[in-house]
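The file data.txt comes next; it holds compact mmCIF, C-alpha atoms and all ligand atoms.
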```txt
# COMPACT_ATOMS: atom_id res chain seq x y z
CA MET K 144 -9.01 -4.85 -9.34
CA PRO K 145 -8.13 -6.08 -12.85
CA HIS K 146 -4.59 -7.19 -13.53
CA ILE K 147 -2.56 -5.23 -16.06
CA THR K 148 -2.75 -6.44 -19.66
CA GLU K 149 -0.36 -6.57 -22.59
CA GLY K 150 -1.81 -3.20 -23.66
CA TRP K 151 -0.69 -1.76 -20.32
CA THR K 152 2.88 -3.03 -20.76
CA ARG K 153 2.97 -1.48 -24.24
CA ILE K 154 1.93 1.90 -22.78
CA CYS K 155 4.81 1.51 -20.35
CA ASP K 156 7.23 0.68 -23.20
CA ASN K 157 6.05 3.79 -25.11
CA LEU K 158 6.62 5.98 -22.05
CA LEU K 159 10.12 4.59 -21.55
CA ARG K 160 11.02 4.88 -25.23
CA ASP K 161 9.82 8.50 -25.39
CA GLN K 162 11.10 9.38 -21.90
CA ILE K 163 7.67 10.53 -20.69
CA SER K 164 7.28 10.59 -16.92
CA ASP K 165 5.32 13.78 -16.20
CA LEU K 166 2.04 12.80 -14.52
CA SER K 167 -0.02 14.99 -16.85
CA GLU K 168 1.59 13.45 -19.95
CA LEU K 169 1.24 9.75 -19.19
CA HIS K 170 -1.91 9.43 -21.32
CA ARG K 171 0.34 10.03 -24.35
CA GLY K 172 1.63 6.49 -23.92
CA ALA K 173 -1.75 5.05 -25.01
CA ARG K 174 -1.81 4.96 -28.80
CA THR K 175 -3.28 1.78 -30.27
CA THR K 176 -6.79 0.46 -29.63
CA GLU K 177 -5.35 -2.11 -27.22
CA GLU K 178 -3.35 0.52 -25.36
CA ARG K 179 -6.33 2.88 -25.15
CA ALA K 180 -8.44 0.07 -23.68
CA ALA K 181 -5.76 -0.46 -21.03
CA TRP K 182 -5.61 3.29 -20.36
CA ALA K 183 -9.39 3.37 -19.79
CA VAL K 184 -8.78 1.17 -16.72
CA VAL K 185 -5.76 3.16 -15.51
CA GLU K 186 -7.17 6.65 -16.01
CA PRO K 187 -9.73 6.85 -13.14
CA LEU K 188 -7.39 5.03 -10.74
CA LEU K 189 -4.51 7.34 -11.54
CA ALA K 190 -6.73 10.44 -11.40
CA GLU K 191 -7.80 9.47 -7.88
CA LEU K 192 -4.17 8.96 -6.77
CA VAL K 193 -2.93 12.18 -8.35
CA ALA K 194 -5.79 14.21 -6.83
CA ALA K 195 -4.94 13.04 -3.29
CA ASP K 196 -2.77 14.98 -0.84
CA VAL K 197 -2.83 12.01 1.54
CA VAL K 198 -2.98 8.39 0.42
CA LEU K 199 -4.13 5.88 3.03
CA ILE K 200 -3.27 2.28 2.21
CA SER K 201 -5.03 -0.16 4.49
CA ALA K 202 -3.64 -3.66 4.12
CA PRO K 203 -3.84 -6.98 5.92
CA MET K 204 -0.81 -9.28 5.70
CA TYR K 205 -1.58 -12.19 3.40
CA ASN K 206 1.04 -14.95 3.23
CA PHE K 207 3.86 -12.69 4.42
CA GLY K 208 3.01 -10.01 1.86
CA ILE K 209 0.26 -7.72 0.62
CA PRO K 210 -3.09 -8.91 -0.82
CA SER K 211 -2.99 -9.56 -4.56
CA SER K 212 -5.77 -6.98 -5.13
CA LEU K 213 -3.57 -4.25 -3.64
CA LYS K 214 -0.63 -5.41 -5.77
CA ALA K 215 -2.90 -5.27 -8.83
CA TRP K 216 -3.75 -1.63 -7.97
CA ILE K 217 -0.06 -0.77 -7.56
CA ASP K 218 0.68 -2.37 -10.94
CA GLN K 219 -2.12 -0.37 -12.61
CA VAL K 220 -1.17 3.08 -11.28
CA THR K 221 2.63 2.88 -11.31
CA PHE K 222 4.67 4.10 -14.27
CA PRO K 223 8.42 4.60 -14.79
CA ARG K 224 10.16 7.42 -12.89
CA MET K 225 6.96 8.53 -11.26
CA ASN K 226 7.26 11.46 -8.88
CA LEU K 227 4.33 11.95 -6.53
CA GLY K 228 6.03 14.94 -4.91
CA HIS K 229 4.27 16.39 -1.86
CA ARG K 230 1.83 13.53 -1.33
CA ARG K 231 1.98 11.80 2.06
CA PHE K 232 1.35 8.08 2.39
CA VAL K 233 -0.03 6.33 5.46
CA VAL K 234 0.06 2.53 5.71
CA ALA K 235 -2.43 0.97 8.13
CA ALA K 236 -1.52 -2.70 8.47
CA ALA K 237 -2.99 -5.73 10.24
CA GLN K 238 -1.02 -8.91 10.85
CA GLY K 239 -2.10 -12.24 12.32
CA GLY K 240 1.31 -12.88 13.89
CA SER K 241 4.19 -10.74 15.03
CA TYR K 242 7.05 -9.63 12.81
CA THR K 243 8.57 -6.95 15.01
CA PRO K 244 12.40 -6.84 15.18
CA GLY K 245 13.76 -9.57 17.40
CA ARG K 246 10.85 -11.96 16.80
CA PRO K 247 11.71 -15.23 14.98
CA ARG K 248 9.54 -14.22 12.01
CA ALA K 249 10.91 -10.69 11.65
CA PRO K 250 12.93 -11.57 8.50
CA MET K 251 9.71 -12.80 6.84
CA GLU K 252 8.03 -9.38 7.01
CA HIS K 253 7.44 -8.59 3.32
CA HIS K 254 4.33 -6.58 4.03
CA VAL K 255 4.89 -3.14 5.60
CA ARG K 256 8.56 -3.25 4.58
CA TYR K 257 7.60 -3.91 0.95
CA LEU K 258 5.02 -1.09 0.93
CA SER K 259 7.45 1.34 2.54
CA ASP K 260 10.36 0.39 0.24
CA PHE K 261 8.13 0.58 -2.80
CA ILE K 262 6.46 3.90 -1.97
CA VAL K 263 9.78 5.61 -1.20
CA GLY K 264 11.74 3.88 -3.95
CA HIS K 265 9.28 4.37 -6.76
CA TYR K 266 7.17 7.40 -5.98
CA SER K 267 9.97 9.69 -4.75
CA VAL K 268 8.04 10.73 -1.65
CA GLU K 269 8.80 10.81 2.07
CA PRO K 270 8.64 7.45 3.89
CA PRO K 271 5.04 6.52 4.72
CA ILE K 272 3.76 6.71 8.26
CA SER K 273 3.14 3.06 9.18
CA VAL K 274 0.66 1.88 11.77
CA VAL K 275 0.62 -1.84 12.54
CA ALA K 276 -1.81 -3.89 14.63
CA GLU K 277 -0.18 -7.29 15.16
CA LEU K 278 -1.10 -10.68 16.63
CA ASN K 279 -4.69 -10.41 15.37
CA ASN K 280 -4.89 -14.20 15.13
CA ALA K 281 -4.81 -14.32 18.94
CA ARG K 282 -8.44 -13.19 18.81
CA VAL K 283 -9.49 -16.46 17.14
CA ASP K 284 -6.74 -19.09 17.51
CA PRO K 285 -6.88 -20.90 20.88
CA ALA K 286 -3.19 -21.84 20.46
CA LEU K 287 -2.37 -18.12 20.61
CA ALA K 288 -4.63 -17.29 23.56
CA HIS K 289 -1.58 -16.42 25.67
CA LEU K 290 -0.83 -13.59 23.21
CA GLN K 291 -4.23 -11.95 23.48
CA GLU K 292 -3.01 -9.30 25.89
CA ALA K 293 -0.05 -8.47 23.64
CA HIS K 294 -2.51 -8.16 20.74
CA GLU K 295 -4.76 -5.81 22.71
CA ALA K 296 -1.74 -3.65 23.57
CA SER K 297 -0.66 -3.59 19.91
CA LEU K 298 -4.17 -2.64 18.81
CA ALA K 299 -4.37 0.19 21.35
CA ASP K 300 -0.96 1.47 20.18
CA ALA K 301 -2.06 1.25 16.55
CA ILE K 302 -5.23 3.25 17.22
CA ALA K 303 -3.25 5.93 19.08
CA SER K 304 -0.65 6.02 16.28
CA ALA K 305 -3.40 6.29 13.65
CA ARG K 306 -4.86 9.31 15.47
CA ALA K 307 -1.40 10.90 15.69
CA ALA K 308 -0.82 10.20 11.97
CA ALA K 309 -4.14 11.85 11.08
CA ARG K 310 -3.20 14.94 13.07
CA GLN K 311 0.18 15.01 11.31
CA VAL K 312 -1.03 14.69 7.73
CA ILE K 313 -4.46 16.35 7.80
CA PRO K 314 -4.23 19.98 8.89
CA LEU K 315 -7.87 20.18 10.00
CA GLU K 316 -9.14 21.28 13.38
CA GLU K 317 -11.83 18.61 13.36
CA VAL K 318 -9.27 15.76 13.53
CA ARG K 319 -9.49 14.59 17.13
C1 LIG W 401 -5.38 -15.43 3.07
C2 LIG W 401 -4.79 -14.99 4.38
C3 LIG W 401 -3.44 -15.11 4.58
C4 LIG W 401 -2.86 -14.67 5.76
N1 LIG W 401 -1.52 -14.75 5.92
C5 LIG W 401 -0.95 -14.27 7.05
C6 LIG W 401 0.46 -14.32 7.21
O1 LIG W 401 1.22 -14.76 6.37
N2 LIG W 401 0.97 -13.83 8.36
C7 LIG W 401 0.19 -13.28 9.34
O2 LIG W 401 0.71 -12.82 10.33
N3 LIG W 401 -1.16 -13.22 9.20
C8 LIG W 401 -1.74 -13.71 8.08
N4 LIG W 401 -3.10 -13.66 7.93
C9 LIG W 401 -3.90 -13.05 9.02
C10 LIG W 401 -4.28 -11.62 8.71
O3 LIG W 401 -3.16 -10.81 8.42
C11 LIG W 401 -5.03 -11.03 9.92
O4 LIG W 401 -6.17 -11.82 10.17
C12 LIG W 401 -5.44 -9.60 9.71
O5 LIG W 401 -6.01 -9.14 10.92
C13 LIG W 401 -6.48 -9.48 8.60
O6 LIG W 401 -6.86 -8.13 8.47
P1 LIG W 401 -8.40 -7.70 8.54
O7 LIG W 401 -8.79 -8.00 9.96
O8 LIG W 401 -8.36 -6.28 8.19
O9 LIG W 401 -9.12 -8.56 7.54
C14 LIG W 401 -3.70 -14.11 6.78
C15 LIG W 401 -5.07 -14.03 6.57
C16 LIG W 401 -5.62 -14.46 5.39
C17 LIG W 401 -7.12 -14.35 5.21
```
Would you write out, as structure tokens, the structure that this file holds?
Amino acid sequence: MPHITEGWTRICDNLLRDQISDLSELHRGARTTEERAAWAVVEPLLAELVAADVVLISAPMYNFGIPSSLKAWIDQVTFPRMNLGHRRFVVAAAQGGSYTPGRPRAPMEHHVRYLSDFIVGHYSVEPPISVVAELNNARVDPALAHLQEAHEASLADAIASARAAARQVIPLEEVR
């Protein structure tokens, strides 16, 4: 995923200056050659997001946060005062350790909390359904072998929660 460019930030400035936030009008922010080149990257990504009723974000935790490629996508498709209305978001997350409330590393959870805060705060939609499989490092790190059972339990919970989330957001009989 390419990072945003100066052309992208100028589109954003144009949108703010002219108070354009309607999803179908955002292309009007791209005016110069540089801005149109930036819009050519945004356009298919934004079209995909806007066309979706359900947006599934699948993200491992990298260094307490989200992968930089996912952040680059967020930067590309996010514009001021964006309202994604009826769209439902589902976050499927994998973490090597455990960041559940009460654990010593809980305050360092900038992964699912960031995604949830961002999605609600910026897209004006309902809170995402979050599904987290934790302690994945116990599968490979001998020092965490004693946590393997807790990992397996977390994974089983996550799979069950993912199925429940699918039933909740996709009104199709074939979802089992
Ligand atoms: C670059 C990198 C950084 C990571 N940083 C963390 C971290 O800060 N905290 C954590 O709990 N796990 C961390 N992990 C472990 C991953 O979150 C874990 O392996 C997860 O299962 C990866 O998802 P995947 O199996 O879908 O690739 C890191 C893994 C990688 C590759």
Determine the nearest neighbour of K:Lys214 from the options K:Arg179, K:His146, K:Arg153, K:His253, counting only C-alpha atoms. K:His146
For atom CA of K:Thr175 and atom CA of K:Ala215, determine how far apart the two atoms are, in Å to one decimal place. 22.6 Å
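For the choices K:Asn280, K:Ser167, K:Thr176, K:Ser267, the atom-to-atom distance to ligand LIG 401 (chain W) is smallest for K:Asn280 when using all atoms listed in the file.
Interatomic distance, atom CA of K:Met144 to atom CA of K:Trp182: 14.1 Å.
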Please identify the residues whose atoms come within 8 Å of ligand LIG 401 (chain W), using all atoms listed in the file, and report them as number ranges by chain. K: 201-208, 210, 236-242, 276-280
Between atom CA of K:Ala296 and atom CA of K:Arg231, what is the distance in Å, rounded to a tenth? 26.7 Å
With the cut-off set at 10 Å and counting only C-alpha atoms, tabulate each residue of stretch 202-235 of chain K with an atom at most that distance from an atom of stretch 304-312 of chain K, showing the nearest atom pair and its distance in Å to one decimal, ordered by chain and increasing number, as a Markdown table.
```
| residue | atom | partner | partner_atom | distance |
| --- | --- | --- | --- | --- |
| K:Arg230 | CA | K:Val312 | CA | 9.6 |
| K:Arg231 | CA | K:Val312 | CA | 7.0 |
| K:Phe232 | CA | K:Val312 | CA | 8.8 |
| K:Val233 | CA | K:Ala308 | CA | 7.6 |
| K:Val234 | CA | K:Ala305 | CA | 9.4 |
| K:Ala235 | CA | K:Ala305 | CA | 7.7 |
```
Emit the selected residues as an mmCIF file, in the frame of the given file, including C-alpha atoms.
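Just written: part18.cif:
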```cif
data_model
loop_
_atom_site.group_PDB
_atom_site.id
_atom_site.type_symbol
_atom_site.label_atom_id
_atom_site.label_comp_id
_atom_site.auth_asym_id
_atom_site.auth_seq_id
_atom_site.Cartn_x
_atom_site.Cartn_y
_atom_site.Cartn_z
ATOM 1 C CA ARG K 230 1.830 13.530 -1.330
ATOM 2 C CA ARG K 231 1.980 11.800 2.060
ATOM 3 C CA PHE K 232 1.350 8.080 2.390
ATOM 4 C CA VAL K 233 -0.030 6.330 5.460
ATOM 5 C CA VAL K 234 0.060 2.530 5.710
ATOM 6 C CA ALA K 235 -2.430 0.970 8.130
#
```
Counting all atoms listed in the file, the option among K:Ala190, K:Leu227, K:Ala303, K:Ile262 closest to K:Val275: K:Ala303
Distance criterion (only C-alpha atoms): nearest to K:Asp165 out of K:Pro285, K:Pro145, K:Pro270, K:Gly228: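 Smallest separation from K:Asp165 among the options: K:Gly228.
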Compile the contact shell of K:Thr148 as a PyMOL selection string: residues with an atom at most 10 Å away, counting all atoms listed in the file, same-chain residues fewer than 4 positions apart removed. chain K and resi 152-153+177-178+180-181+219
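Comparing the minimum interatomic distances between K:His294 and each of K:Glu191, K:Glu186, K:Ala281, K:Met251, counting all atoms listed in the file, we find that K:Ala281 sits nearest.
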Would you please work out which residue, of K:Ala194, K:Ile217, K:Ala249, K:Val274, is nearest to K:Ser297 when using all atoms listed in the file? K:Val274
With 5 Å on each side, where is the centre of the axis-aligned box around all listed atoms of stretch 243-261 of chain K, and how long are its edges in Å to one decimal, as AutoDock Vina command-line options?
```
--center_x 9.0 --center_y -6.9 --center_z 7.3 --size_x 19.4 --size_y 26.6 --size_z 30.2
```
Give me, as a CSV table (one decimal) with C-alpha atoms, in the frame of the given file, all polymer residues having an atom no more than 10 Å from K:Asn226, counting only C-alpha atoms and skipping those fewer than 5 positions away in the same chain.
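Result went into part-v5.csv, see below:
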```csv
chain,number,residue,atom,x,y,z
K,164,SER,CA,7.3,10.6,-16.9
K,165,ASP,CA,5.3,13.8,-16.2
K,166,LEU,CA,2.0,12.8,-14.5
K,263,VAL,CA,9.8,5.6,-1.2
K,265,HIS,CA,9.3,4.4,-6.8
K,266,TYR,CA,7.2,7.4,-6.0
K,267,SER,CA,10.0,9.7,-4.8
K,268,VAL,CA,8.0,10.7,-1.6
```
Since the input is missing atoms, can you rebuild N, CA and C atoms for stretch 283-307 of chain K and write them as a short mmCIF file (atom, residue, chain, number, x, y, z; two decimals), in the frame of the given file?
```
data_model
loop_
_atom_site.label_atom_id
_atom_site.label_comp_id
_atom_site.auth_asym_id
_atom_site.auth_seq_id
_atom_site.Cartn_x
_atom_site.Cartn_y
_atom_site.Cartn_z
N VAL K 283 -8.71 -15.29 17.58
CA VAL K 283 -9.49 -16.46 17.14
C VAL K 283 -8.80 -17.81 17.37
N ASP K 284 -7.48 -17.82 17.44
CA ASP K 284 -6.74 -19.09 17.51
C ASP K 284 -6.47 -19.46 18.97
N PRO K 285 -7.09 -20.53 19.48
CA PRO K 285 -6.88 -20.90 20.88
C PRO K 285 -5.40 -21.15 21.21
N ALA K 286 -4.62 -21.58 20.21
CA ALA K 286 -3.19 -21.84 20.46
C ALA K 286 -2.43 -20.54 20.74
N LEU K 287 -3.04 -19.41 20.39
CA LEU K 287 -2.37 -18.12 20.61
C LEU K 287 -3.04 -17.31 21.72
N ALA K 288 -3.88 -18.00 22.51
CA ALA K 288 -4.63 -17.29 23.56
C ALA K 288 -3.71 -16.51 24.50
N HIS K 289 -2.51 -17.08 24.75
CA HIS K 289 -1.58 -16.42 25.67
C HIS K 289 -1.06 -15.09 25.11
N LEU K 290 -1.32 -14.84 23.82
CA LEU K 290 -0.83 -13.59 23.21
C LEU K 290 -1.93 -12.54 23.07
N GLN K 291 -3.09 -12.86 23.64
CA GLN K 291 -4.23 -11.95 23.48
C GLN K 291 -3.94 -10.56 24.08
N GLU K 292 -3.31 -10.59 25.24
CA GLU K 292 -3.01 -9.30 25.89
C GLU K 292 -2.03 -8.48 25.04
N ALA K 293 -1.03 -9.17 24.49
CA ALA K 293 -0.05 -8.47 23.64
C ALA K 293 -0.76 -7.90 22.41
N HIS K 294 -1.74 -8.66 21.89
CA HIS K 294 -2.51 -8.16 20.74
C HIS K 294 -3.29 -6.91 21.12
N GLU K 295 -3.97 -6.97 22.28
CA GLU K 295 -4.76 -5.81 22.71
C GLU K 295 -3.87 -4.58 22.86
N ALA K 296 -2.67 -4.78 23.40
CA ALA K 296 -1.74 -3.65 23.57
C ALA K 296 -1.32 -3.10 22.20
N SER K 297 -1.06 -4.01 21.26
CA SER K 297 -0.66 -3.59 19.91
C SER K 297 -1.78 -2.81 19.24
N LEU K 298 -3.01 -3.31 19.41
CA LEU K 298 -4.17 -2.64 18.81
C LEU K 298 -4.36 -1.23 19.40
N ALA K 299 -4.23 -1.13 20.70
CA ALA K 299 -4.37 0.19 21.35
C ALA K 299 -3.29 1.15 20.84
N ASP K 300 -2.06 0.64 20.72
CA ASP K 300 -0.96 1.47 20.18
C ASP K 300 -1.27 1.90 18.76
N ALA K 301 -1.78 0.96 17.97
CA ALA K 301 -2.06 1.25 16.55
C ALA K 301 -3.13 2.33 16.44
N ILE K 302 -4.15 2.25 17.27
CA ILE K 302 -5.23 3.25 17.22
C ILE K 302 -4.68 4.63 17.61
N ALA K 303 -3.85 4.65 18.66
CA ALA K 303 -3.25 5.93 19.08
C ALA K 303 -2.34 6.47 17.98
N SER K 304 -1.55 5.58 17.35
CA SER K 304 -0.65 6.02 16.28
C SER K 304 -1.43 6.51 15.07
N ALA K 305 -2.57 5.86 14.79
CA ALA K 305 -3.40 6.29 13.65
C ALA K 305 -3.94 7.69 13.90
N ARG K 306 -4.36 7.95 15.15
CA ARG K 306 -4.86 9.31 15.47
C ARG K 306 -3.74 10.34 15.30
N ALA K 307 -2.54 9.98 15.80
CA ALA K 307 -1.40 10.90 15.69
C ALA K 307 -1.05 11.14 14.22
#
```
